[in-house]
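Asker: So that you have it, the file is target-v1.cif, and it contains mmCIF, C-alpha atoms:
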```cif
data_target
#
loop_
_atom_site.label_atom_id
_atom_site.label_comp_id
_atom_site.auth_asym_id
_atom_site.auth_seq_id
_atom_site.Cartn_x
_atom_site.Cartn_y
_atom_site.Cartn_z
CA MET A 10 95.21 -24.63 128.81
CA ASN A 11 94.96 -23.52 125.17
CA GLN A 12 98.04 -25.58 124.32
CA ASP A 13 96.44 -28.69 125.88
CA ARG A 14 93.27 -28.16 123.86
CA SER A 15 95.17 -27.65 120.61
CA SER A 16 97.20 -30.81 121.19
CA ALA A 17 94.07 -32.80 122.03
CA ALA A 18 92.23 -31.77 118.85
CA PRO A 19 94.25 -34.06 116.51
CA LEU A 20 93.72 -36.96 118.91
CA VAL A 21 89.96 -36.39 118.94
CA LEU A 22 89.88 -36.14 115.14
CA SER A 23 91.95 -39.32 114.77
CA ALA A 24 89.70 -41.16 117.22
CA ALA A 25 86.60 -40.04 115.29
CA VAL A 26 88.08 -41.21 111.98
CA LEU A 27 88.96 -44.60 113.47
CA LEU A 28 85.50 -44.88 115.03
CA PHE A 29 83.68 -44.21 111.77
CA ALA A 30 86.04 -46.51 109.88
CA ALA A 31 85.21 -49.27 112.36
CA ALA A 32 81.51 -48.52 111.93
CA PHE A 33 81.89 -48.90 108.17
CA PHE A 34 83.79 -52.18 108.20
CA ALA A 35 81.62 -53.65 110.98
CA ARG A 36 78.35 -52.44 109.42
CA ALA A 37 77.04 -56.00 109.01
CA ILE A 38 76.65 -56.24 112.80
CA LEU A 39 76.65 -52.63 114.03
CA ALA A 40 73.84 -51.43 111.73
CA PRO A 41 71.24 -54.04 112.84
CA VAL A 42 72.32 -53.71 116.49
CA THR A 43 71.90 -49.92 116.37
CA PHE A 44 68.53 -50.35 114.68
CA ALA A 45 67.51 -52.83 117.40
CA ILE A 46 68.49 -50.38 120.15
CA PHE A 47 66.44 -47.71 118.41
CA ILE A 48 63.41 -50.04 118.25
CA VAL A 49 63.82 -50.94 121.93
CA ALA A 50 63.86 -47.25 122.88
CA ILE A 51 60.67 -46.69 120.90
CA ILE A 52 58.60 -49.67 122.08
CA TRP A 53 59.84 -50.00 125.66
CA PRO A 54 56.88 -48.06 127.19
CA LEU A 55 54.54 -50.63 125.61
CA GLN A 56 56.59 -53.50 127.02
CA ASP A 57 56.69 -51.82 130.44
CA ALA A 58 52.91 -51.30 130.44
CA PHE A 59 52.28 -54.94 129.51
CA GLN A 60 54.65 -56.45 132.06
CA LYS A 61 53.08 -54.47 134.90
CA ARG A 62 49.92 -56.55 134.37
CA LEU A 63 51.22 -59.72 132.71
CA PRO A 64 54.17 -62.10 133.02
CA LYS A 65 57.33 -60.72 131.47
CA LEU A 66 57.58 -63.29 128.66
CA LEU A 67 53.92 -62.84 127.71
CA ALA A 68 54.42 -59.07 127.70
CA LEU A 69 57.44 -59.55 125.45
CA VAL A 70 55.43 -61.67 123.01
CA LEU A 71 52.63 -59.10 122.85
CA THR A 72 55.07 -56.21 122.38
CA LEU A 73 56.97 -57.98 119.62
CA GLY A 74 53.71 -59.03 118.00
CA ALA A 75 52.44 -55.45 117.92
CA THR A 76 55.78 -54.19 116.56
CA LEU A 77 55.95 -56.85 113.85
CA ALA A 78 52.33 -56.14 112.90
CA VAL A 79 53.12 -52.44 112.34
CA LEU A 80 56.23 -53.27 110.31
CA ALA A 81 54.31 -55.86 108.30
CA VAL A 82 51.57 -53.37 107.47
CA MET A 83 54.18 -50.84 106.30
CA GLY A 84 55.89 -53.50 104.19
CA LEU A 85 52.64 -54.70 102.65
CA LEU A 86 51.60 -51.15 101.84
CA ILE A 87 54.82 -50.39 99.96
CA VAL A 88 54.74 -53.76 98.16
CA TRP A 89 51.10 -53.18 97.18
CA ALA A 90 51.81 -49.66 95.92
CA PHE A 91 54.85 -50.60 93.86
CA GLY A 92 52.94 -53.66 92.62
CA LEU A 93 50.30 -51.37 91.15
CA VAL A 94 53.01 -49.23 89.61
CA ALA A 95 54.64 -52.31 88.06
CA GLN A 96 51.31 -53.47 86.63
CA TRP A 97 50.69 -50.03 85.12
CA LEU A 98 54.21 -50.06 83.69
CA VAL A 99 53.67 -53.44 82.01
CA ALA A 100 50.33 -52.35 80.60
CA ASN A 101 51.80 -49.12 79.19
CA VAL A 102 55.17 -50.28 77.92
CA ALA A 103 54.40 -48.77 74.51
CA ARG A 104 54.22 -45.28 76.01
CA PHE A 105 57.64 -45.60 77.63
CA GLN A 106 59.12 -47.08 74.45
CA ALA A 107 57.82 -44.12 72.44
CA LEU A 108 59.25 -41.65 74.96
CA TYR A 109 62.54 -43.57 74.99
CA LEU A 110 62.88 -43.50 71.21
CA ARG A 111 61.93 -39.84 71.09
CA ALA A 112 64.55 -39.00 73.73
CA ILE A 113 67.23 -40.97 71.85
CA GLU A 114 66.42 -39.18 68.61
CA THR A 115 66.58 -35.80 70.35
CA LEU A 116 69.94 -36.58 71.99
CA GLU A 117 71.47 -37.97 68.80
CA ALA A 118 70.26 -34.93 66.91
CA HIS A 119 72.41 -32.90 69.34
CA GLY A 120 75.47 -35.10 68.79
CA VAL A 121 75.08 -37.53 71.72
CA ALA A 122 75.69 -41.12 70.50
CA VAL A 123 73.22 -42.82 72.83
CA ARG A 124 72.76 -46.00 70.78
CA ALA A 125 76.48 -46.78 70.73
CA LEU A 126 76.72 -46.12 74.45
CA MET A 127 73.78 -48.42 75.18
CA ALA A 128 75.26 -51.16 73.00
CA THR A 129 78.53 -51.15 74.94
CA SER A 130 76.99 -50.82 78.41
CA LEU A 131 74.08 -53.24 78.09
CA ASN A 132 75.63 -56.69 77.63
CA PRO A 133 75.07 -60.12 79.26
CA SER A 134 77.88 -59.64 81.78
CA SER A 135 76.49 -56.31 83.00
CA VAL A 136 72.98 -57.75 83.36
CA THR A 137 74.37 -60.73 85.28
CA GLY A 138 76.27 -58.36 87.56
CA VAL A 139 73.10 -56.41 88.33
CA LEU A 140 71.22 -59.62 89.15
CA ARG A 141 74.01 -60.76 91.46
CA GLN A 142 73.98 -57.39 93.19
CA ILE A 143 70.22 -57.60 93.72
CA GLY A 144 70.58 -61.11 95.14
CA GLY A 145 73.34 -59.97 97.48
CA GLN A 146 71.21 -57.07 98.72
CA GLY A 147 68.32 -59.47 99.38
CA TYR A 148 70.57 -61.74 101.43
CA GLY A 149 71.96 -58.73 103.29
CA LEU A 150 68.45 -57.51 104.11
CA LEU A 151 67.47 -60.93 105.46
CA SER A 152 70.54 -61.14 107.69
CA PHE A 153 69.94 -57.55 108.84
CA LEU A 154 66.36 -58.38 109.90
CA VAL A 155 67.38 -61.59 111.70
CA ILE A 156 70.15 -59.88 113.69
CA ALA A 157 67.99 -56.85 114.49
CA PHE A 158 65.12 -59.05 115.69
CA ALA A 159 67.41 -61.12 117.93
CA PHE A 160 68.94 -58.06 119.58
CA THR A 161 65.53 -56.42 119.96
CA VAL A 162 64.32 -59.45 121.94
CA LEU A 163 67.43 -59.46 124.12
CA GLY A 164 67.26 -55.70 124.59
CA LEU A 165 63.66 -55.78 125.81
CA LEU A 166 64.53 -58.54 128.26
CA GLU A 167 67.51 -56.68 129.70
CA VAL A 168 66.26 -53.10 130.05
CA ASP A 169 65.19 -53.62 133.66
CA ILE A 170 68.34 -55.59 134.42
CA GLY A 171 70.56 -52.88 132.99
CA ARG A 172 68.73 -50.18 134.93
CA ARG A 173 69.10 -52.12 138.20
CA ASN A 174 72.80 -52.67 137.53
CA ILE A 175 73.29 -48.94 136.98
CA ASP A 176 71.45 -48.19 140.24
CA ARG A 177 73.92 -50.46 142.04
CA LEU A 178 76.90 -48.37 140.96
CA GLU A 179 78.58 -46.63 143.89
CA ASN A 180 79.51 -43.48 141.98
CA PRO A 181 76.44 -41.17 141.99
CA ARG A 182 77.85 -38.99 139.19
CA LEU A 183 78.32 -42.03 136.97
CA ARG A 184 74.76 -43.18 137.72
CA ALA A 185 73.39 -39.77 136.81
CA ALA A 186 75.55 -39.60 133.67
CA LEU A 187 74.16 -42.94 132.46
CA LEU A 188 70.52 -42.74 133.51
CA GLY A 189 69.87 -39.06 132.77
CA PRO A 190 70.81 -38.97 129.07
CA ALA A 191 69.34 -42.44 128.47
CA GLY A 192 65.87 -41.40 129.60
CA ASP A 193 66.08 -38.09 127.74
CA VAL A 194 67.25 -39.78 124.54
CA SER A 195 64.46 -42.37 124.67
CA ALA A 196 61.81 -39.69 125.17
CA LYS A 197 63.16 -37.61 122.28
CA LEU A 198 63.34 -40.63 119.95
CA ARG A 199 59.73 -41.54 120.70
CA LYS A 200 58.63 -37.97 120.09
CA TYR A 201 60.64 -37.89 116.85
CA MET A 202 58.92 -41.05 115.58
CA ALA A 203 55.49 -39.76 116.61
CA VAL A 204 56.03 -36.47 114.77
CA ARG A 205 57.56 -38.24 111.77
CA SER A 206 54.57 -40.61 111.60
CA LEU A 207 52.10 -37.72 111.75
CA MET A 208 53.96 -35.76 109.07
CA SER A 209 54.29 -38.86 106.88
CA LEU A 210 50.55 -39.45 107.11
CA LEU A 211 49.88 -35.81 106.23
CA THR A 212 52.33 -35.97 103.32
CA GLY A 213 50.70 -39.11 101.94
CA ALA A 214 47.24 -37.57 102.20
CA VAL A 215 48.28 -34.34 100.45
CA VAL A 216 50.05 -36.23 97.64
CA TRP A 217 46.98 -38.44 97.20
CA VAL A 218 44.64 -35.44 96.94
CA PHE A 219 47.04 -33.63 94.59
CA ALA A 220 47.25 -36.67 92.29
CA LEU A 221 43.47 -36.99 92.24
CA VAL A 222 42.94 -33.32 91.41
CA ALA A 223 45.68 -33.37 88.75
CA GLY A 224 44.20 -36.49 87.14
CA ILE A 225 47.35 -38.58 87.64
CA GLU A 226 46.69 -42.29 87.52
CA LEU A 227 47.48 -44.48 90.57
CA ALA A 228 46.78 -41.60 92.96
CA THR A 229 46.33 -43.94 95.94
CA ALA A 230 49.60 -45.71 95.18
CA TRP A 231 51.50 -42.41 95.04
CA GLY A 232 49.98 -41.36 98.37
CA VAL A 233 50.99 -44.64 100.00
CA ILE A 234 54.53 -44.43 98.58
CA ALA A 235 54.89 -40.85 99.84
CA PHE A 236 53.61 -41.91 103.28
CA VAL A 237 56.00 -44.85 103.71
CA LEU A 238 59.11 -43.34 102.12
CA ASN A 239 58.75 -40.12 104.10
CA TYR A 240 60.21 -42.00 107.08
CA ILE A 241 63.57 -41.72 105.27
CA PRO A 242 64.35 -37.99 105.25
CA PHE A 243 65.32 -36.38 101.92
CA ILE A 244 66.12 -39.62 100.07
CA GLY A 245 62.66 -41.15 100.54
CA SER A 246 60.98 -37.84 99.76
CA LEU A 247 62.99 -37.46 96.56
CA VAL A 248 62.05 -40.96 95.36
CA ALA A 249 58.40 -40.29 96.21
CA THR A 250 58.41 -37.24 93.91
CA VAL A 251 60.50 -38.61 91.03
CA PHE A 252 58.33 -41.67 90.34
CA PRO A 253 54.96 -39.89 89.93
CA SER A 254 56.68 -37.21 87.84
CA LEU A 255 58.04 -39.82 85.44
CA PHE A 256 54.68 -41.54 85.20
CA THR A 257 53.02 -38.19 84.58
CA LEU A 258 55.39 -37.79 81.66
CA ALA A 259 54.36 -41.21 80.31
CA GLN A 260 50.65 -40.60 80.90
CA PHE A 261 50.34 -37.10 79.40
CA GLU A 262 53.50 -37.10 77.21
CA SER A 263 54.31 -33.59 78.37
CA TRP A 264 57.67 -32.58 79.83
CA ARG A 265 56.23 -29.32 81.13
CA LEU A 266 53.44 -31.06 83.04
CA ALA A 267 55.86 -33.61 84.46
CA LEU A 268 58.17 -30.81 85.61
CA LEU A 269 55.20 -28.97 87.13
CA VAL A 270 54.20 -32.11 89.07
CA PHE A 271 57.78 -32.59 90.24
CA VAL A 272 58.04 -28.99 91.47
CA ALA A 273 54.60 -29.13 93.15
CA LEU A 274 55.32 -32.40 94.97
CA ASN A 275 58.70 -31.14 96.14
CA GLY A 276 56.98 -27.99 97.33
CA VAL A 277 54.60 -30.11 99.39
CA GLN A 278 57.52 -32.09 100.83
CA PHE A 279 59.47 -28.93 101.62
CA PHE A 280 56.54 -27.15 103.28
CA ILE A 281 55.65 -30.09 105.50
CA GLY A 282 59.22 -31.12 106.29
CA SER A 283 60.80 -27.69 106.73
CA TYR A 284 57.88 -25.61 108.07
CA LEU A 285 55.24 -27.76 109.74
CA GLU A 286 57.39 -30.54 111.19
CA PRO A 287 59.82 -28.29 113.13
CA ARG A 288 56.86 -26.43 114.66
CA VAL A 289 55.10 -29.63 115.67
CA ALA A 290 58.31 -31.18 117.01
CA GLY A 291 59.14 -28.14 119.13
CA ALA A 292 62.46 -26.70 120.27
CA GLN A 293 63.70 -29.94 121.87
CA LEU A 294 63.85 -31.69 118.50
CA SER A 295 64.88 -28.67 116.48
CA LEU A 296 67.83 -29.69 114.32
CA SER A 297 69.91 -27.82 111.81
CA PRO A 298 68.67 -28.73 108.30
CA PHE A 299 72.31 -28.87 107.18
CA MET A 300 73.12 -31.39 109.93
CA VAL A 301 70.02 -33.45 109.12
CA LEU A 302 70.98 -33.66 105.45
CA PHE A 303 74.59 -34.46 106.36
CA ALA A 304 73.50 -37.17 108.81
CA VAL A 305 71.22 -38.83 106.25
CA PHE A 306 73.83 -38.98 103.50
CA PHE A 307 76.77 -39.73 105.80
CA TRP A 308 75.09 -42.68 107.51
CA SER A 309 73.62 -43.92 104.24
CA PHE A 310 77.20 -43.97 102.93
CA LEU A 311 78.29 -46.03 105.95
CA TRP A 312 75.27 -48.33 106.35
CA GLY A 313 73.10 -48.00 103.24
CA ILE A 314 69.32 -47.63 103.53
CA ALA A 315 69.41 -48.55 107.23
CA GLY A 316 71.83 -45.68 107.79
CA ALA A 317 69.59 -43.26 105.91
CA PHE A 318 66.72 -44.18 108.25
CA ILE A 319 68.76 -44.20 111.46
CA GLY A 320 70.90 -41.14 110.63
CA VAL A 321 68.59 -38.51 112.16
CA PRO A 322 67.94 -40.53 115.36
CA LEU A 323 71.72 -40.87 115.77
CA LEU A 324 72.01 -37.11 115.35
CA ILE A 325 69.38 -36.64 118.07
CA VAL A 326 71.37 -38.94 120.35
CA ALA A 327 74.59 -37.03 119.69
CA LEU A 328 72.89 -33.67 120.29
CA THR A 329 71.31 -34.86 123.56
CA VAL A 330 74.55 -36.33 124.93
CA CYS A 331 76.54 -33.24 123.99
CA ALA A 332 73.99 -30.99 125.71
CA GLU A 333 74.49 -32.88 128.99
CA HIS A 334 78.12 -31.75 129.39
CA ASP A 335 79.55 -28.25 129.64
CA SER A 336 82.57 -29.09 127.48
CA THR A 337 80.43 -30.24 124.53
CA ARG A 338 77.30 -28.11 124.92
CA TRP A 339 78.58 -25.77 122.21
CA LEU A 340 78.31 -28.66 119.74
CA ALA A 341 74.67 -29.18 120.69
CA ILE A 342 74.01 -25.48 120.14
CA LEU A 343 75.63 -25.57 116.70
CA MET A 344 73.70 -28.68 115.64
CA SER A 345 70.42 -27.22 116.85
CA GLY A 346 68.08 -25.56 114.39
CA GLY A 347 66.28 -23.55 117.05
CA ASP A 348 67.02 -20.82 119.53
CA ALA A 349 69.40 -22.03 122.20
CA LYS A 350 67.49 -19.99 124.80
CA ASN A 351 64.40 -22.13 124.25
CA ARG A 352 66.19 -25.44 124.65
#
```
What would you get if you wrote out this structure as structure tokens?
Answerer:
Amino acid sequence: MNQDRSSAAPLVLSAAVLLFAAAFFARAILAPVTFAIFIVAIIWPLQDAFQKRLPKLLALVLTLGATLAVLAVMGLLIVWAFGLVAQWLVANVARFQALYLRAIETLEAHGVAVRALMATSLNPSSVTGVLRQIGGQGYGLLSFLVIAFAFTVLGLLEVDIGRRNIDRLENPRLRAALLGPAGDVSAKLRKYMAVRSLMSLLTGAVVWVFALVAGIELATAWGVIAFVLNYIPFIGSLVATVFPSLFTLAQFESWRLALLVFVALNGVQFFIGSYLEPRVAGAQLSLSPFMVLFAVFFWSFLWGIAGAFIGVPLLIVALTVCAEHDSTRWLAILMSGGDAKNR
């Protein structure tokens, strides 16, 4: 028995490497499809409630309309917030130029040839390359949204069909293996998004109040940015603390105050994300912080920003599926951040 397990380990590792390699090279289609499946799992109860009272197509239109409205509001909020930041930046270019020159003088005084480095790195070809990269990312985002929307529509239309087809299977164990984890995963993903939304709202409110009390300009914009970006664990939170810290440096021209703001905002993020959120989420969604961080950076490496957002839900799916089987339950216990007895 032990010999069989030891011989199977390399095969499992090889299969995992091939699977993740395929996910990387097929990210143009797999990332939006996975995101669409995640959206379907979240909004299906709304679709189900509508179609119990209305025709199926009308229920689909209302569900998609409500989903698009929420996404549009989030997008408009982040565009509005960063728009205010950009306007403030343009109006206070002189402050940043003064800080930039002061930093260059300090570095060159310590033997760092910043001016020569900038002259060799900032040239027309490098600027053109950056613009091309931005254009490519814009095209990739558009294609991602189109594919995700198409599969979301098809997924909502076929949930009932897929469930009926599973019920028609003759093997009862196979039916239970498909339907049981699917329902559990959907419920956990909806709870995860509900808790994440509540914690994001709380984070945005606390950052807004902190910015007001500290006298930092654009307090509302920083609160909105913290609220929206908090949906991306770790990466979004880091961005939401770096930007106001840099602008504090430009506003007050004090490195110590900027560092204090950075530490305070990260303290807020850490307290809410590492203390409050696990207690609100409960034992069923308790995940190892190490695994959460690994999932965010691993999937962001494979799929970019979409992977950073979808990394934790994929971890929840993996944990739930592993917990359903005796042979893999030990993996679920290791990935859990709570007490296995309470799961």
Asker: Since I can't run it myself right now, could you work out what the PyMOL selection byres ((chain A and resi 327) around 12) selects here and report it as a PDB file with C-alpha atoms, in the frame of the given file?
Answerer:
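To be explicit, this is the file written out as selection_17.pdb:
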```pdb
ATOM      1  CA  PRO A 190      70.810 -38.970 129.070  1.00  0.00           C
ATOM      2  CA  ALA A 191      69.340 -42.440 128.470  1.00  0.00           C
ATOM      3  CA  ASP A 193      66.080 -38.090 127.740  1.00  0.00           C
ATOM      4  CA  VAL A 194      67.250 -39.780 124.540  1.00  0.00           C
ATOM      5  CA  LYS A 197      63.160 -37.610 122.280  1.00  0.00           C
ATOM      6  CA  LEU A 198      63.340 -40.630 119.950  1.00  0.00           C
ATOM      7  CA  LEU A 296      67.830 -29.690 114.320  1.00  0.00           C
ATOM      8  CA  MET A 300      73.120 -31.390 109.930  1.00  0.00           C
ATOM      9  CA  ALA A 304      73.500 -37.170 108.810  1.00  0.00           C
ATOM     10  CA  GLY A 320      70.900 -41.140 110.630  1.00  0.00           C
ATOM     11  CA  VAL A 321      68.590 -38.510 112.160  1.00  0.00           C
ATOM     12  CA  PRO A 322      67.940 -40.530 115.360  1.00  0.00           C
ATOM     13  CA  LEU A 323      71.720 -40.870 115.770  1.00  0.00           C
ATOM     14  CA  LEU A 324      72.010 -37.110 115.350  1.00  0.00           C
ATOM     15  CA  ILE A 325      69.380 -36.640 118.070  1.00  0.00           C
ATOM     16  CA  VAL A 326      71.370 -38.940 120.350  1.00  0.00           C
ATOM     17  CA  LEU A 328      72.890 -33.670 120.290  1.00  0.00           C
ATOM     18  CA  THR A 329      71.310 -34.860 123.560  1.00  0.00           C
ATOM     19  CA  VAL A 330      74.550 -36.330 124.930  1.00  0.00           C
ATOM     20  CA  CYS A 331      76.540 -33.240 123.990  1.00  0.00           C
ATOM     21  CA  ALA A 332      73.990 -30.990 125.710  1.00  0.00           C
ATOM     22  CA  GLU A 333      74.490 -32.880 128.990  1.00  0.00           C
ATOM     23  CA  HIS A 334      78.120 -31.750 129.390  1.00  0.00           C
ATOM     24  CA  THR A 337      80.430 -30.240 124.530  1.00  0.00           C
ATOM     25  CA  ARG A 338      77.300 -28.110 124.920  1.00  0.00           C
ATOM     26  CA  LEU A 340      78.310 -28.660 119.740  1.00  0.00           C
ATOM     27  CA  ALA A 341      74.670 -29.180 120.690  1.00  0.00           C
ATOM     28  CA  ILE A 342      74.010 -25.480 120.140  1.00  0.00           C
ATOM     29  CA  LEU A 343      75.630 -25.570 116.700  1.00  0.00           C
ATOM     30  CA  MET A 344      73.700 -28.680 115.640  1.00  0.00           C
ATOM     31  CA  SER A 345      70.420 -27.220 116.850  1.00  0.00           C
TER      32      SER A 345
END
```
Asker: So which one's closest to Arg111 (chain A), A:Glu286, A:Glu262, A:Asp335, A:Asp169? Using only C-alpha atoms, please.
Answerer: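 Nearest to Arg111 (chain A): A:Glu262.
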Asker: Considering all atoms listed in the file, give me a table of residues in region 62-106 of chain A that are at most 8 Å from region 214-234 of chain A, with the closest atom pair and distance in Å for each, as JSON lines.
Answerer:
```
{"residue": "A:Leu86", "atom": "CA", "partner": "A:Val233", "partner_atom": "CA", "distance": 6.8}
{"residue": "A:Ile87", "atom": "CA", "partner": "A:Ile234", "partner_atom": "CA", "distance": 6.1}
{"residue": "A:Trp89", "atom": "CA", "partner": "A:Ala230", "partner_atom": "CA", "distance": 7.9}
{"residue": "A:Ala90", "atom": "CA", "partner": "A:Ala230", "partner_atom": "CA", "distance": 4.6}
{"residue": "A:Phe91", "atom": "CA", "partner": "A:Ala230", "partner_atom": "CA", "distance": 7.3}
{"residue": "A:Leu93", "atom": "CA", "partner": "A:Ala230", "partner_atom": "CA", "distance": 7.0}
{"residue": "A:Val94", "atom": "CA", "partner": "A:Leu227", "partner_atom": "CA", "distance": 7.4}
```
Asker: Evaluating the PyMOL selection byres ((chain A and resi 72) around 10) on the displayed file yields which residues, as a PyMOL selection string?
Answerer: chain A and resi 52-60+66-71+73-78+162+165
Asker: How about saving the chosen residues, C-alpha atoms kept, as a PDB file, in the coordinates of the input?
Answerer:
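Final output, saved to result-v2.pdb:
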```pdb
ATOM      1  CA  ILE A  52      58.600 -49.670 122.080  1.00  0.00           C
ATOM      2  CA  TRP A  53      59.840 -50.000 125.660  1.00  0.00           C
ATOM      3  CA  PRO A  54      56.880 -48.060 127.190  1.00  0.00           C
ATOM      4  CA  LEU A  55      54.540 -50.630 125.610  1.00  0.00           C
ATOM      5  CA  GLN A  56      56.590 -53.500 127.020  1.00  0.00           C
ATOM      6  CA  ASP A  57      56.690 -51.820 130.440  1.00  0.00           C
ATOM      7  CA  ALA A  58      52.910 -51.300 130.440  1.00  0.00           C
ATOM      8  CA  PHE A  59      52.280 -54.940 129.510  1.00  0.00           C
ATOM      9  CA  GLN A  60      54.650 -56.450 132.060  1.00  0.00           C
ATOM     10  CA  LEU A  66      57.580 -63.290 128.660  1.00  0.00           C
ATOM     11  CA  LEU A  67      53.920 -62.840 127.710  1.00  0.00           C
ATOM     12  CA  ALA A  68      54.420 -59.070 127.700  1.00  0.00           C
ATOM     13  CA  LEU A  69      57.440 -59.550 125.450  1.00  0.00           C
ATOM     14  CA  VAL A  70      55.430 -61.670 123.010  1.00  0.00           C
ATOM     15  CA  LEU A  71      52.630 -59.100 122.850  1.00  0.00           C
ATOM     16  CA  LEU A  73      56.970 -57.980 119.620  1.00  0.00           C
ATOM     17  CA  GLY A  74      53.710 -59.030 118.000  1.00  0.00           C
ATOM     18  CA  ALA A  75      52.440 -55.450 117.920  1.00  0.00           C
ATOM     19  CA  THR A  76      55.780 -54.190 116.560  1.00  0.00           C
ATOM     20  CA  LEU A  77      55.950 -56.850 113.850  1.00  0.00           C
ATOM     21  CA  ALA A  78      52.330 -56.140 112.900  1.00  0.00           C
ATOM     22  CA  VAL A 162      64.320 -59.450 121.940  1.00  0.00           C
ATOM     23  CA  LEU A 165      63.660 -55.780 125.810  1.00  0.00           C
TER      24      LEU A 165
END
```
Asker: Could you write out as a ChimeraX atom specification the residues that the PyMOL selection byres ((chain A and resi 246) around 12) matches in the shown file?
Answerer: /A:208-209,212-213,216,231-232,234-245,247-253,271,274-279,281-282,317
Asker: Could you give me the axis-aligned bounding box of region 107-113 of chain A, with 6 Å of padding per side, as centre plus edge lengths in Å to one decimal, as JSON?
Answerer:
```
{"center_x": 62.5, "center_y": -41.6, "center_z": 73.0, "size_x": 21.4, "size_y": 17.1, "size_z": 15.9}
```
Asker: So what do you get for CA of Ala315 (chain A) versus CA of Leu22 (chain A), distance-wise?
Answerer: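 Straight-line distance from CA of Ala315 (chain A) to CA of Leu22 (chain A) works out to 25.2 Å.
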Asker: So, with all atoms listed in the file as the atoms that count, which of A:Ser295, A:Ser283, A:Gln260, A:Thr43 lies closest to Ala107 (chain A)?
Answerer: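 Ranking A:Ser295, A:Ser283, A:Gln260, A:Thr43 by distance to Ala107 (chain A), first place goes to A:Gln260.
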Asker: Ranking A:Ala31, A:Leu211, A:Ala196, A:Val49 by minimum distance to Val168 (chain A) and counting all atoms listed in the file, which one comes first?
Answerer: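 Answer, going by the shortest atom-to-atom distance: A:Val49.
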Asker: Which residue out of A:Gly164, A:Gly313, A:Pro298, A:Pro181 has the minimum interatomic distance to Ile48 (chain A) when only C-alpha atoms are used?
Answerer: A:Gly164
Asker: For the atom pair CA of Val42 (chain A) and CA of Ile319 (chain A), what is the interatomic distance in Å to one decimal place?
Answerer: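 CA of Val42 (chain A) sits 11.3 Å away from CA of Ile319 (chain A).
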Asker: Using CA of Glu114 (chain A) and CA of Leu98 (chain A) as the two end points, give the distance in Å to one decimal.
Answerer: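 Distance between the two atoms: 22.2 Å.
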Asker: Which residue gives the smallest distance to Ala112 (chain A) among A:Phe310, A:Trp264, A:Phe153, A:Phe318, with only C-alpha atoms counted?
Answerer: A:Trp264
